[in-house]
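work_7.csv follows (CSV, C-alpha atoms):
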chain,number,residue,atom,x,y,z
B,203,MET,CA,74.1,95.4,89.8
B,204,THR,CA,71.5,98.2,89.5
B,205,PHE,CA,73.0,99.8,92.6
B,206,MET,CA,76.4,99.7,90.9
B,207,HIS,CA,75.0,101.4,87.8
B,208,GLU,CA,73.2,104.1,89.8
B,209,HIS,CA,75.7,104.9,92.5
B,210,TRP,CA,79.1,103.5,91.6
B,211,ARG,CA,79.5,104.3,87.9
B,212,ALA,CA,76.9,104.3,85.2
B,213,HIS,CA,77.5,101.4,82.8
B,214,HIS,CA,80.3,100.0,84.9
B,215,ILE,CA,81.1,96.5,83.6
B,216,LEU,CA,80.0,95.0,86.9
B,217,SER,CA,76.6,96.7,86.5
B,218,ARG,CA,76.0,95.1,83.1
B,219,ASN,CA,78.0,91.8,83.0
B,220,GLU,CA,76.4,89.3,85.4
B,221,THR,CA,78.9,86.6,84.5
B,222,LEU,CA,81.8,88.9,85.5
B,223,PHE,CA,79.9,90.1,88.6
B,224,ARG,CA,79.4,86.5,89.8
B,225,PHE,CA,83.0,85.6,88.9
B,226,ASP,CA,84.2,88.4,91.2
B,227,PHE,CA,81.9,87.9,94.1
B,228,GLN,CA,80.1,84.5,94.0
B,229,GLU,CA,81.4,81.8,96.4
B,230,GLY,CA,79.2,78.8,96.3
B,231,GLU,CA,75.7,79.9,96.9
B,232,ARG,CA,76.7,83.2,98.5
B,233,LEU,CA,77.9,86.6,97.3
B,234,ASN,CA,80.9,88.0,99.1
B,235,LEU,CA,79.1,91.3,99.7
B,236,ALA,CA,77.9,93.1,102.9
B,237,ILE,CA,74.8,95.0,102.0
B,238,ALA,CA,72.9,97.7,103.9
B,239,GLU,CA,69.2,98.1,103.1
B,240,GLN,CA,66.8,100.8,104.0
B,241,SER,CA,63.1,100.6,103.1
B,242,GLY,CA,63.9,97.8,100.7
B,243,ASP,CA,66.6,99.7,98.8
B,244,ILE,CA,70.3,99.1,99.0
B,245,VAL,CA,72.0,102.1,100.5
B,246,GLY,CA,75.5,100.7,100.9
B,247,LEU,CA,77.7,97.8,100.2
B,248,PHE,CA,81.2,96.5,100.9
B,249,GLY,CA,82.5,93.7,98.6
B,250,PHE,CA,85.4,91.5,99.4
B,251,MET,CA,87.5,88.7,97.8
B,252,LYS,CA,89.4,85.8,99.3
B,253,TYR,CA,92.9,85.1,98.1
B,254,ASN,CA,93.0,81.5,99.4
B,255,SER,CA,90.8,78.7,100.8
B,256,LEU,CA,92.3,78.6,104.3
B,257,ASP,CA,90.1,78.9,107.4
B,258,GLU,CA,91.5,82.4,107.8
B,259,PRO,CA,92.1,83.5,104.3
B,260,ASP,CA,93.8,86.8,103.2
B,261,LEU,CA,91.2,89.2,102.1
B,262,ALA,CA,90.9,92.1,99.6
B,263,GLY,CA,88.2,94.8,99.7
B,264,SER,CA,86.3,95.7,96.6
B,265,LEU,CA,83.4,98.0,95.8
B,266,TRP,CA,82.9,100.1,98.9
B,267,LYS,CA,80.0,102.5,98.4
B,268,VAL,CA,77.2,104.2,100.4
B,269,VAL,CA,74.5,106.4,99.1
B,270,ASP,CA,75.3,109.5,101.1
B,271,ASP,CA,72.0,111.2,101.1
B,272,ARG,CA,70.1,108.1,102.3
B,273,ALA,CA,72.6,106.2,104.4
B,274,PRO,CA,73.0,106.7,108.1
B,275,PRO,CA,76.3,108.3,109.2
B,276,MET,CA,79.4,106.1,109.0
B,277,LEU,CA,77.5,103.4,107.3
B,278,GLY,CA,80.5,102.7,105.1
B,279,LEU,CA,82.7,102.1,108.1
B,280,GLN,CA,80.1,100.0,109.7
B,281,LEU,CA,79.8,97.8,106.6
B,282,ARG,CA,83.6,97.4,106.6
B,283,ARG,CA,83.6,96.6,110.3
B,284,PHE,CA,80.8,94.0,109.7
B,285,VAL,CA,82.9,92.2,107.2
B,286,MET,CA,86.1,92.4,109.2
B,287,HIS,CA,84.3,91.0,112.2
B,288,HIS,CA,82.3,88.3,110.5
B,289,VAL,CA,84.6,87.0,107.9
B,290,PRO,CA,87.6,85.2,109.6
B,291,HIS,CA,90.8,86.3,107.9
B,292,ARG,CA,94.5,86.6,108.5
B,293,PHE,CA,95.4,89.7,106.5
B,294,PHE,CA,93.7,92.4,104.5
B,295,ALA,CA,95.4,94.0,101.5
B,296,ALA,CA,94.2,95.4,98.2
B,297,PRO,CA,95.5,97.6,95.4
B,298,GLY,CA,93.4,100.2,93.8
B,299,ALA,CA,92.6,102.5,96.8
B,300,GLY,CA,91.2,105.8,95.8
B,301,LEU,CA,93.1,108.9,97.1
B,302,GLN,CA,89.9,110.1,98.6
B,303,THR,CA,89.9,107.2,101.0
B,304,ARG,CA,93.4,107.8,102.3
B,305,SER,CA,92.2,109.5,105.5
B,306,ILE,CA,89.8,106.6,106.2
B,307,TYR,CA,92.6,104.0,106.1
B,308,HIS,CA,94.9,106.2,108.1
B,309,LEU,CA,92.3,106.5,110.8
B,310,LEU,CA,91.9,102.7,110.7
B,311,GLY,CA,95.6,102.3,111.3
B,312,MET,CA,96.3,100.7,108.0
B,313,ARG,CA,99.3,101.1,105.7
B,314,TRP,CA,98.9,103.3,102.7
B,315,ILE,CA,101.1,102.1,99.9
B,316,GLU,CA,102.1,103.8,96.6
B,317,MET,CA,102.8,100.9,94.2
B,318,ASP,CA,105.9,100.8,92.0
B,319,HIS,CA,105.8,100.5,88.2
B,320,PHE,CA,108.7,98.6,86.8
B,321,TYR,CA,109.3,97.9,83.1
B,322,LEU,CA,111.6,96.3,80.6
B,323,ALA,CA,112.0,98.1,77.3
B,324,ASN,CA,112.5,96.3,74.0
B,325,PRO,CA,115.6,97.7,72.2
B,326,GLY,CA,114.4,96.1,69.0
B,327,ILE,CA,111.4,98.4,68.7
B,328,GLY,CA,112.1,101.5,66.6
B,329,THR,CA,108.8,103.4,66.7
B,330,ARG,CA,107.0,103.1,69.9
B,331,ARG,CA,103.2,103.5,69.8
B,332,ILE,CA,102.0,102.6,73.3
B,333,CYS,CA,104.7,104.0,75.5
B,334,ARG,CA,107.2,106.8,75.5
B,335,MET,CA,110.8,106.0,76.2
B,336,SER,CA,114.1,106.3,74.6
B,337,THR,CA,115.5,103.2,72.9
B,338,PRO,CA,117.6,101.5,75.5
B,339,ALA,CA,120.8,99.7,75.1
B,340,ALA,CA,120.8,95.9,75.5
B,341,LEU,CA,119.5,94.9,78.9
B,342,PRO,CA,122.1,95.4,81.6
B,343,LEU,CA,121.7,92.0,83.1
B,344,HIS,CA,123.0,90.9,86.5
B,345,VAL,CA,124.6,87.6,85.7
B,346,SER,CA,123.1,85.3,88.2
B,347,PRO,CA,125.3,82.4,89.4
B,348,THR,CA,122.3,80.1,89.0
B,349,ARG,CA,120.4,80.3,85.7
B,350,ALA,CA,116.9,79.1,85.2
B,351,ASP,CA,116.5,75.5,84.1
B,352,GLU,CA,113.2,76.2,82.5
B,353,PHE,CA,110.8,79.0,81.8
B,354,ARG,CA,107.7,77.7,80.1
B,355,GLU,CA,104.2,78.7,79.5
B,356,VAL,CA,101.6,76.7,81.4
B,357,PRO,CA,98.4,76.2,79.5
B,358,ASN,CA,96.7,74.3,82.2
B,359,GLY,CA,96.3,75.1,85.9
B,360,ASP,CA,96.7,71.5,86.8
B,361,ASP,CA,100.4,71.7,85.9
B,362,LEU,CA,100.9,74.0,88.8
B,363,ARG,CA,99.5,71.9,91.7
B,364,ASP,CA,103.0,71.0,92.9
B,365,PHE,CA,104.1,74.6,93.4
B,366,PRO,CA,104.7,75.5,97.1
B,367,PHE,CA,102.0,78.2,97.2
B,368,LEU,CA,101.7,78.6,100.9
B,369,ARG,CA,105.4,78.6,101.8
B,370,LEU,CA,105.9,82.4,102.0
B,371,ARG,CA,103.4,83.1,104.8
B,372,ARG,CA,105.4,86.1,106.0
B,373,THR,CA,104.2,88.0,103.0
B,374,GLY,CA,100.6,88.7,102.2
B,375,PRO,CA,98.3,88.2,100.5
B,376,THR,CA,99.0,84.5,100.2
B,377,LYS,CA,97.4,83.0,97.2
B,378,ASP,CA,96.8,79.2,96.7
B,379,TRP,CA,96.5,76.9,93.7
B,380,ALA,CA,92.7,77.2,93.7
B,381,TYR,CA,92.8,80.9,93.6
B,382,LEU,CA,95.4,81.0,90.8
B,383,ARG,CA,93.5,78.4,88.8
B,384,ARG,CA,90.2,80.1,89.1
B,385,ARG,CA,91.4,83.7,88.8
B,386,PHE,CA,93.6,83.2,85.7
B,387,PHE,CA,92.5,80.1,83.9
B,388,THR,CA,88.8,80.6,84.0
B,389,HIS,CA,88.4,84.3,83.7
B,390,PRO,CA,85.3,85.1,81.6
B,391,VAL,CA,86.8,87.9,79.6
B,392,TYR,CA,90.6,88.1,79.8
B,393,ARG,CA,93.1,85.5,78.6
B,394,TYR,CA,96.0,85.3,80.9
B,395,ARG,CA,99.4,83.8,80.1
B,396,VAL,CA,100.9,81.9,83.0
B,397,PHE,CA,104.6,81.0,83.1
B,398,ARG,CA,106.6,78.8,85.4
B,399,LEU,CA,110.2,79.3,86.3
B,400,SER,CA,112.3,76.5,87.6
B,401,CYS,CA,115.8,76.6,89.1
B,402,ALA,CA,117.9,73.7,90.2
B,403,GLY,CA,115.1,71.4,89.3
B,404,GLU,CA,112.5,73.1,91.5
B,405,PRO,CA,109.6,75.3,90.5
B,406,VAL,CA,110.5,78.7,92.1
B,407,ASN,CA,108.2,81.3,90.5
B,408,ILE,CA,104.9,81.6,88.7
B,409,VAL,CA,104.4,84.7,86.7
B,410,VAL,CA,101.0,85.7,85.3
B,411,CYS,CA,100.9,88.0,82.4
B,412,ARG,CA,98.4,89.6,80.1
B,413,GLU,CA,98.9,91.0,76.7
B,414,VAL,CA,97.6,94.5,75.9
B,415,ALA,CA,97.3,96.2,72.6
B,416,HIS,CA,96.7,99.5,71.0
B,417,ALA,CA,97.4,101.1,67.7
B,418,GLY,CA,98.8,97.9,66.3
B,419,ALA,CA,101.4,97.6,69.1
B,420,ARG,CA,101.5,95.2,72.0
B,421,ALA,CA,102.9,95.1,75.5
B,422,LEU,CA,103.0,92.3,78.1
B,423,ARG,CA,101.9,93.1,81.7
B,424,VAL,CA,103.0,91.0,84.6
B,425,VAL,CA,99.9,91.0,86.8
B,426,ASP,CA,100.7,88.4,89.4
B,427,PHE,CA,103.8,86.8,90.9
B,428,TYR,CA,104.3,83.7,93.1
B,429,GLY,CA,107.3,82.5,95.0
B,430,ASP,CA,110.5,83.9,96.2
B,431,GLN,CA,111.4,87.2,94.6
B,432,ARG,CA,115.1,86.4,95.1
B,433,HIS,CA,114.9,84.6,91.8
B,434,MET,CA,114.1,87.8,89.9
B,435,PRO,CA,117.6,87.8,88.4
B,436,GLU,CA,116.8,84.5,86.8
B,437,LEU,CA,113.3,85.6,85.7
B,438,VAL,CA,114.1,88.9,84.1
B,439,PRO,CA,116.3,87.5,81.3
B,440,GLU,CA,113.5,85.1,80.5
B,441,LEU,CA,111.0,87.9,80.3
B,442,TYR,CA,113.4,89.9,78.2
B,443,GLU,CA,113.8,87.1,75.7
B,444,LEU,CA,110.0,86.6,75.6
B,445,MET,CA,109.5,90.3,75.0
B,446,HIS,CA,112.1,90.3,72.2
B,447,ARG,CA,110.8,87.0,70.6
B,448,GLU,CA,107.2,88.1,70.5
B,449,GLY,CA,107.7,91.7,69.7
B,450,PHE,CA,106.3,93.4,72.7
B,451,GLU,CA,107.2,97.1,73.0
B,452,TYR,CA,107.8,96.5,76.7
B,453,VAL,CA,107.0,94.4,79.7
B,454,ASP,CA,105.7,96.1,82.8
B,455,PHE,CA,105.0,95.1,86.4
B,456,VAL,CA,102.9,97.2,88.7
B,457,CYS,CA,103.6,96.0,92.2
B,458,ALA,CA,104.4,96.7,95.8
B,459,GLY,CA,106.6,95.0,98.4
B,460,PHE,CA,109.4,94.1,96.0
B,461,ASP,CA,112.7,95.7,97.0
B,462,PRO,CA,113.4,98.3,94.3
B,463,ARG,CA,117.2,97.8,94.6
B,464,ASP,CA,116.8,94.1,93.9
B,465,MET,CA,114.4,94.8,91.1
B,466,LEU,CA,116.8,97.3,89.5
B,467,ARG,CA,119.8,94.9,89.9
B,468,ALA,CA,117.7,92.2,88.2
B,469,GLY,CA,117.3,94.4,85.2
B,470,TRP,CA,114.0,96.1,85.7
B,471,ARG,CA,113.7,99.9,85.2
B,472,ARG,CA,111.6,101.9,87.6
B,473,LEU,CA,109.1,104.4,86.4
B,474,ASP,CA,109.5,107.9,87.8
B,475,PHE,CA,106.0,109.4,88.1
B,476,ASP,CA,107.3,112.9,88.4
B,477,ARG,CA,108.7,112.8,84.8
B,478,ASP,CA,106.9,112.6,81.5
B,479,ASP,CA,109.8,111.7,79.2
B,480,VAL,CA,109.1,108.1,80.0
B,481,VAL,CA,105.5,107.0,79.9
B,482,VAL,CA,104.4,103.5,80.6
B,483,PRO,CA,100.6,103.5,80.4
B,484,ASN,CA,98.3,101.9,82.9
B,485,TYR,CA,95.0,102.2,81.2
B,486,PHE,CA,94.2,100.5,77.9
B,487,GLU,CA,90.4,100.3,78.0
B,488,PRO,CA,90.4,103.0,76.7
B,489,PHE,CA,94.0,103.7,76.1
B,490,VAL,CA,95.5,106.7,77.9
B,491,MET,CA,99.1,107.7,77.3
B,492,SER,CA,99.8,108.7,80.8
B,493,ASN,CA,101.7,107.5,83.9
B,494,VAL,CA,99.3,106.6,86.7
B,495,ARG,CA,100.0,106.3,90.3
B,496,VAL,CA,98.3,103.3,91.9
B,497,TYR,CA,97.8,103.1,95.6
B,498,ALA,CA,97.1,100.2,97.8
B,499,VAL,CA,96.2,99.5,101.4
B,500,ALA,CA,97.2,96.8,103.8
B,501,ASP,CA,96.9,95.8,107.4
B,502,ALA,CA,99.8,97.1,109.4
B,503,HIS,CA,100.6,93.6,110.6
B,504,PRO,CA,103.7,93.1,112.7
B,505,GLU,CA,104.7,89.8,111.0
B,506,ILE,CA,103.3,90.0,107.5
B,507,THR,CA,104.7,92.2,104.8
B,508,ALA,CA,102.4,93.3,102.1
B,509,ARG,CA,103.4,92.1,98.6
B,510,LEU,CA,100.9,93.2,96.0
B,511,CYS,CA,100.6,92.8,92.3
B,512,ARG,CA,98.3,94.5,89.7
B,513,ALA,CA,95.8,91.7,89.5
B,514,ASP,CA,95.3,91.4,93.2
B,515,GLY,CA,91.9,92.3,94.7
B,516,ASP,CA,89.5,93.6,92.1
B,517,GLN,CA,92.2,95.2,89.9
B,518,ASP,CA,93.0,94.1,86.4
B,519,ARG,CA,89.4,94.1,85.6
B,520,PRO,CA,88.1,94.6,82.1
B,521,ASN,CA,86.1,97.7,81.1
B,522,VAL,CA,84.8,96.0,78.0
B,523,ASP,CA,82.9,92.8,77.8
B,524,SER,CA,85.0,90.9,75.4
B,525,VAL,CA,88.5,90.6,74.0
B,526,ALA,CA,86.9,90.8,70.6
B,527,ALA,CA,85.5,94.2,71.4
B,528,MET,CA,88.8,95.4,72.6
B,529,SER,CA,90.5,94.3,69.4
B,530,VAL,CA,88.0,96.1,67.3
B,531,ALA,CA,88.3,99.3,69.4
B,532,SER,CA,92.0,99.4,69.1
S,49,MET,CA,89.0,121.8,127.3
S,50,SER,CA,85.9,120.5,125.6
S,51,GLN,CA,84.9,124.1,124.9
S,52,GLN,CA,88.1,124.7,123.1
S,53,ILE,CA,87.7,121.6,121.0
S,54,GLU,CA,84.1,122.5,120.2
S,55,ASP,CA,85.2,125.9,119.0
S,56,TYR,CA,87.9,124.3,116.8
S,57,ILE,CA,85.3,122.0,115.2
S,58,VAL,CA,82.8,124.9,114.7
S,59,THR,CA,85.5,126.9,113.0
S,60,HIS,CA,86.4,124.0,110.7
S,61,ILE,CA,82.8,123.4,109.8
S,62,ALA,CA,82.0,127.1,109.3
S,63,GLU,CA,85.1,127.6,107.0
S,64,ARG,CA,84.3,124.5,105.0
S,65,ARG,CA,80.6,125.3,104.6
S,66,GLY,CA,81.1,129.0,104.1
S,67,ILE,CA,78.8,129.9,107.0
S,68,ALA,CA,79.1,132.0,110.1
S,69,GLU,CA,80.3,130.2,113.2
S,70,GLY,CA,77.2,131.3,115.1
S,71,GLU,CA,75.1,129.3,112.6
S,72,VAL,CA,76.6,126.0,113.6
S,73,ASP,CA,74.3,124.2,115.9
S,74,ARG,CA,76.6,122.4,118.4
S,75,GLN,CA,73.9,119.9,119.5
S,76,ALA,CA,72.6,119.0,116.1
S,77,ASP,CA,73.6,115.9,114.1
S,78,MET,CA,76.4,117.1,111.8
S,79,PHE,CA,75.4,114.8,109.0
S,80,GLU,CA,71.7,115.5,109.1
S,81,ASN,CA,72.4,119.2,109.1
S,82,GLY,CA,74.8,118.9,106.1
S,83,TYR,CA,77.8,120.1,108.0
S,84,ILE,CA,79.8,117.1,107.0
S,85,ASP,CA,79.6,114.1,104.8
S,86,SER,CA,80.8,110.6,105.1
S,87,LEU,CA,84.1,111.3,103.4
S,88,ALA,CA,84.9,114.7,104.8
S,89,VAL,CA,84.3,113.5,108.4
S,90,PHE,CA,87.5,111.4,108.2
S,91,ASN,CA,89.6,114.3,107.2
S,92,MET,CA,88.1,116.4,110.0
S,93,ILE,CA,88.8,113.6,112.5
S,94,LEU,CA,92.4,113.4,111.3
S,95,LEU,CA,92.8,117.1,111.8
S,96,LEU,CA,91.4,116.7,115.4
S,97,GLU,CA,93.7,113.8,116.1
S,98,GLU,CA,96.7,115.8,115.0
S,99,ARG,CA,95.6,119.1,116.7
S,100,PHE,CA,94.8,117.5,120.1
S,101,GLY,CA,97.1,114.6,120.1
S,102,VAL,CA,94.5,111.8,120.4
S,103,ARG,CA,93.7,108.7,118.5
S,104,LEU,CA,90.1,107.7,118.1
S,105,THR,CA,89.3,104.0,117.9
S,106,GLU,CA,87.3,102.5,115.2
S,107,GLN,CA,84.6,101.7,117.8
S,108,THR,CA,84.4,105.4,118.6
S,109,LEU,CA,84.1,106.4,115.0
S,110,VAL,CA,80.8,104.5,114.7
S,111,ASP,CA,79.4,105.7,118.0
S,112,PRO,CA,76.5,108.0,117.3
S,113,SER,CA,77.4,110.2,120.3
S,114,ILE,CA,80.2,111.8,118.2
S,115,TYR,CA,77.8,112.9,115.4
S,116,THR,CA,77.3,116.3,117.1
S,117,VAL,CA,79.9,119.0,117.6
S,118,HIS,CA,79.3,118.8,121.4
S,119,GLY,CA,79.5,115.0,121.5
S,120,LEU,CA,82.6,114.8,119.4
S,121,ALA,CA,84.4,117.4,121.5
S,122,ALA,CA,83.4,115.7,124.7
S,123,THR,CA,84.7,112.4,123.5
S,124,ILE,CA,88.0,113.9,122.5
S,125,GLY,CA,88.1,115.8,125.8
S,126,ARG,CA,87.6,112.7,127.8
S,127,GLN,CA,90.4,111.0,125.9
S,128,ILE,CA,92.8,113.8,126.6
S,129,ALA,CA,91.8,113.7,130.2
S,130,GLY,CA,92.5,110.0,130.2
S,131,THR,CA,88.9,109.1,131.3
Render the structure in this file as structure tokens.
Amino acid sequence: MTFMHEHWRAHHILSRNETLFRFDFQEGERLNLAIAEQSGDIVGLFGFMKYNSLDEPDLAGSLWKVVDDRAPPMLGLQLRRFVMHHVPHRFFAAPGAGLQTRSIYHLLGMRWIEMDHFYLANPGIGTRRICRMSTPAALPLHVSPTRADEFREVPNGDDLRDFPFLRLRRTGPTKDWAYLRRRFFTHPVYRYRVFRLSCAGEPVNIVVCREVAHAGARALRVVDFYGDQRHMPELVPELYELMHREGFEYVDFVCAGFDPRDMLRAGWRRLDFDRDDVVVPNYFEPFVMSNVRVYAVADAHPEITARLCRADGDQDRPNVDSVAAMSVAS
Amino acid sequence: MSQQIEDYIVTHIAERRGIAEGEVDRQADMFENGYIDSLAVFNMILLLEERFGVRLTEQTLVDPSIYTVHGLAATIGRQIAGT
């Protein structure tokens, strides 16, 4: 944690919040970190996270840092190689790649992905405080021939055990029940809202959301998604009604691997990063009224398509230590 | 061929560091001499791959023999020659 403070970013939450640090990296008695030491000091580290509990889980990278003036050449690459060789895994993918690392991943033969930012705008909001967009007409919905039976909030992870988490193995990362339950029902800082969509009597999607707030206004962020995305036309009307019922200015979804044409047909709008007449913020801690491009990396696997959401890897991490602190700050 | 590659690398380093090409020690460790850092090296290698039509493996990237101008050029030269 001291290394994080001194060499990653001073006062980074992971350098001062041991509970969150252990939540992110502790697995049993071990920490999922490869560390390089020199003369007793840490000179480099590569952190990783597992998306599931299979013998060869899908992995995300997190916290990749070397101390340039002390570390041997290419230590960062060696740390990464160490993890890739010693941690059995099927697929590697993570959002939040810094632009400065693009050449590294290109050299490693990995896919560089610019994530999409989709949103639903609430037409019932007159004055918008945390986004910039014109007031839309009512949602142009694609009328799906099969409507959802049920869309309900799930307060307990145990209610989701029957969901077919590992069915879609041709996409990655694949996340299992244990991951979802731990990641979203036991987070030490954030409170997530988890919803389950059922069609024709079967659970088809799980959608994980988190509320954000600023200046007395609220938005709902979809941060994770499970199941077949072909049910997006049934899901979007449910999100739209939730947004309207609870008074969110908008609902947004930062993601990759979802066909934009299908998303638009389902009712989502797609943010154009080259324009500033529509701004859907990405940063709330602190709040920044700005569109932000988010990049991701993934293995160039011949059989697995990367499908990433905002909360994958180490993203959707708090910058403040408590929700209470955030409420006071905003 | 290696000489041509060395000259290319030297020019790149000299331009980046704002020094004369004659000041670049082709046998010295590029990192220790401050010619390159751990991030800029990847950009340089990308340029070399594009310029000379090669692809360096991850194994090669962590081989210390490429940490000198001469060593890096020789490695690329061997790959071009198919040896």
Pull out every residue of chain S sitting within 8 Å of chain B, counting all atoms listed in the file, and send them as a ChimeraX atom specification. /S:79,85-87,90-91,94,104-106,109-110,115
In Å, with one decimal, what is the gap from CA of Leu444 in chain B to CA of Arg354 in chain B? 10.2 Å
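You will find CA of Val414 in chain B at 17.2 Å from CA of Phe387 in chain B.
Relative to CA of Trp314 in chain B, CA of Phe100 in chain S is found at 22.8 Å.
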Counting only C-alpha atoms, the residue among B:Ala380, B:Ile408, B:Val391, B:Ala299 that lies closest to Asp426 in chain B is B:Ile408
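Of the listed residues (B:Cys411, B:Val480, B:Val499, B:Ala421), B:Ala421 comes nearest to Glu448 in chain B; the distances count only C-alpha atoms.
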Reconstruct N, CA and C atoms of range 352-363 of chain B from the incomplete input and present them as a PDB file, in the frame of the given file.
ATOM      1  N   GLU B 352     114.387  76.257  83.428  1.00  0.00           N
ATOM      2  CA  GLU B 352     113.200  76.200  82.500  1.00  0.00           C
ATOM      3  C   GLU B 352     112.349  77.407  82.790  1.00  0.00           C
ATOM      4  N   PHE B 353     111.844  77.967  81.716  1.00  0.00           N
ATOM      5  CA  PHE B 353     110.800  79.000  81.800  1.00  0.00           C
ATOM      6  C   PHE B 353     109.815  78.660  80.717  1.00  0.00           C
ATOM      7  N   ARG B 354     108.680  78.181  81.122  1.00  0.00           N
ATOM      8  CA  ARG B 354     107.700  77.700  80.100  1.00  0.00           C
ATOM      9  C   ARG B 354     106.323  78.210  80.432  1.00  0.00           C
ATOM     10  N   GLU B 355     105.571  78.352  79.364  1.00  0.00           N
ATOM     11  CA  GLU B 355     104.200  78.700  79.500  1.00  0.00           C
ATOM     12  C   GLU B 355     103.371  77.535  79.909  1.00  0.00           C
ATOM     13  N   VAL B 356     102.446  77.761  80.826  1.00  0.00           N
ATOM     14  CA  VAL B 356     101.600  76.700  81.400  1.00  0.00           C
ATOM     15  C   VAL B 356     100.211  76.853  80.865  1.00  0.00           C
ATOM     16  N   PRO B 357      99.733  75.969  80.019  1.00  0.00           N
ATOM     17  CA  PRO B 357      98.400  76.200  79.500  1.00  0.00           C
ATOM     18  C   PRO B 357      97.272  75.668  80.386  1.00  0.00           C
ATOM     19  N   ASN B 358      97.654  74.942  81.410  1.00  0.00           N
ATOM     20  CA  ASN B 358      96.700  74.300  82.200  1.00  0.00           C
ATOM     21  C   ASN B 358      97.015  74.451  83.707  1.00  0.00           C
ATOM     22  N   GLY B 359      96.067  74.910  84.480  1.00  0.00           N
ATOM     23  CA  GLY B 359      96.300  75.100  85.900  1.00  0.00           C
ATOM     24  C   GLY B 359      96.743  73.869  86.640  1.00  0.00           C
ATOM     25  N   ASP B 360      96.346  72.723  86.159  1.00  0.00           N
ATOM     26  CA  ASP B 360      96.700  71.500  86.800  1.00  0.00           C
ATOM     27  C   ASP B 360      98.209  71.246  86.864  1.00  0.00           C
ATOM     28  N   ASP B 361      98.927  71.854  85.936  1.00  0.00           N
ATOM     29  CA  ASP B 361     100.400  71.700  85.900  1.00  0.00           C
ATOM     30  C   ASP B 361     101.074  72.430  87.031  1.00  0.00           C
ATOM     31  N   LEU B 362     100.325  73.192  87.792  1.00  0.00           N
ATOM     32  CA  LEU B 362     100.900  74.000  88.800  1.00  0.00           C
ATOM     33  C   LEU B 362     100.611  73.531  90.245  1.00  0.00           C
ATOM     34  N   ARG B 363      99.951  72.416  90.341  1.00  0.00           N
ATOM     35  CA  ARG B 363      99.500  71.900  91.700  1.00  0.00           C
ATOM     36  C   ARG B 363     100.710  71.726  92.606  1.00  0.00           C
TER      37      ARG B 363
END
